[in-house]
Amino acid sequence: MRPSQRNLILDAAIRVTERDGITALTLESAAEEAGVTKGGLMYHFRTRDELLLAIQRHLTVAWEEQLVAALGKPLAEASAREAVAAYALSGVEPGMARKADLAFMLESVARPELAEVWEELMRRWAPAPARAEPADVDLLLARLAVDGLWLYEATGGPSLTEPVRAALRRRVAELVGERAG
């Protein structure tokens with residue numbers, strides 16, 4: 001099946017952001033990267049704001065697909081603990097962090113309509129605990145640890161050695177009550 005023109009444009013816009021930063025993302029730069037005319041891009045996204053919102057949704061769909069794969073079943077069939085464990089354990093794996101994801105998350109700070117897309121994903125996969133029970137706090141610690149690792153890698157921190165990553169994987173697995181693989 002041929003990828004839709006819309007998805008090609010979104011992927012191109014993400015590449016522009018990954019390479020040149022979010023301030024370089026314009027309708028023109030996304031169209032050029034996608035190999036379409038500005039009019040062709042504007043058929044799908046009339047404004048930069050529409051493009052940004054569509055990118056947020058596109059990124060979170062990709063994250064959700066990775067998380068469902070890590071979970072091994074639909075989210076609706078999982079407990080809250082299993083969902084957070086899948087989030088935390090997948091977050092330790094290399095290659096999860098991209099500068100473009102970080103740029104769009106940071107853009108969300110000042111734009112509620114963009115922030116809501118990320119917040120909705122996090123409410124489903126790694127909500128804040130309602131209780132201060134040790135097991136709930138351990139889940140939060142695991143989430144915060146992998147969020148920190150993700151930020152470390154997205155901002156270009158030195159690559160971790162496999163022994164260090166394996167040790168992190170084991171520790172996160174302990175926090176979420178799983179056995180490390």
# chains A, B, ... in the order shown; residues from 1 in each chain; ligands from 1
call {"tool": "closest_atom_pairs", "arguments": {"of": "range 92-152 of chain A", "to": "range 65-80 of chain A", "cutoff": "9 Å", "atoms": "only C-alpha atoms", "output": "CSV"}}
result
residue,atom,partner,partner_atom,distance
A:Arg124,CA,A:Ala80,CA,8.3
A:Trp125,CA,A:Ala80,CA,7.5
A:Ala126,CA,A:Ala80,CA,7.9
A:Pro127,CA,A:Ala80,CA,8.4
call {"tool": "closest_residue", "arguments": {"among": "A:Val164, A:Ala132, A:Val61, A:Leu51", "to": "Glu120 in chain A", "atoms": "only C-alpha atoms"}}
result
A:Val61
call {"tool": "atom_distance", "arguments": {"atom1": "CA of Leu25 in chain A", "atom2": "CA of Ile55 in chain A"}}
result
11.4 Å
call {"tool": "residues_around", "arguments": {"residues": "Ala145 in chain A", "least_positions_apart": "5", "cutoff": "10 Å", "atoms": "only C-alpha atoms", "output": "short mmCIF file (atom, residue, chain, number, x, y, z; two decimals) with C-alpha atoms, in the first residue's frame"}}
result
data_model
loop_
_atom_site.label_atom_id
_atom_site.label_comp_id
_atom_site.auth_asym_id
_atom_site.auth_seq_id
_atom_site.Cartn_x
_atom_site.Cartn_y
_atom_site.Cartn_z
CA ALA A 88 9.05 2.30 31.33
CA GLY A 91 11.85 3.77 27.34
CA VAL A 92 15.13 2.08 28.26
CA LEU A 139 6.09 3.02 39.07
CA LEU A 140 6.43 6.80 39.12
CA TRP A 150 14.88 9.93 27.04
CA LEU A 151 15.73 13.61 27.61
CA LEU A 168 19.29 0.38 33.80
CA ARG A 171 16.70 -1.65 37.68
CA VAL A 172 13.66 -0.26 35.85
#
call {"tool": "residues_around", "arguments": {"residues": "Glu18 in chain A", "least_positions_apart": "4", "cutoff": "8 Å", "atoms": "only C-alpha atoms", "output": "PyMOL selection string"}}
result
chain A and resi 14+22+98-100
call {"tool": "write_last_selection", "arguments": {"atoms": "C-alpha atoms", "output": "short mmCIF file (atom, residue, chain, number, x, y, z; two decimals), in the first residue's frame"}}
result
data_model
loop_
_atom_site.label_atom_id
_atom_site.label_comp_id
_atom_site.auth_asym_id
_atom_site.auth_seq_id
_atom_site.Cartn_x
_atom_site.Cartn_y
_atom_site.Cartn_z
CA ILE A 14 9.58 15.81 11.22
CA ILE A 22 11.41 23.63 14.88
CA ARG A 98 14.65 11.98 18.73
CA LYS A 99 15.36 15.70 18.74
CA ALA A 100 12.19 16.32 16.74
#
call {"tool": "residues_around", "arguments": {"residues": "Arg57 in chain A", "least_positions_apart": "3", "cutoff": "9 Å", "atoms": "only C-alpha atoms", "output": "list of chain:residue names"}}
result
A:Leu52, A:Leu53, A:Ala54, A:Thr60, A:Val61, A:Ala62, A:Leu114, A:Val117, A:Trp118
call {"tool": "atom_distance", "arguments": {"atom1": "CA of Glu32 in chain A", "atom2": "CA of His44 in chain A"}}
result
14.8 Å
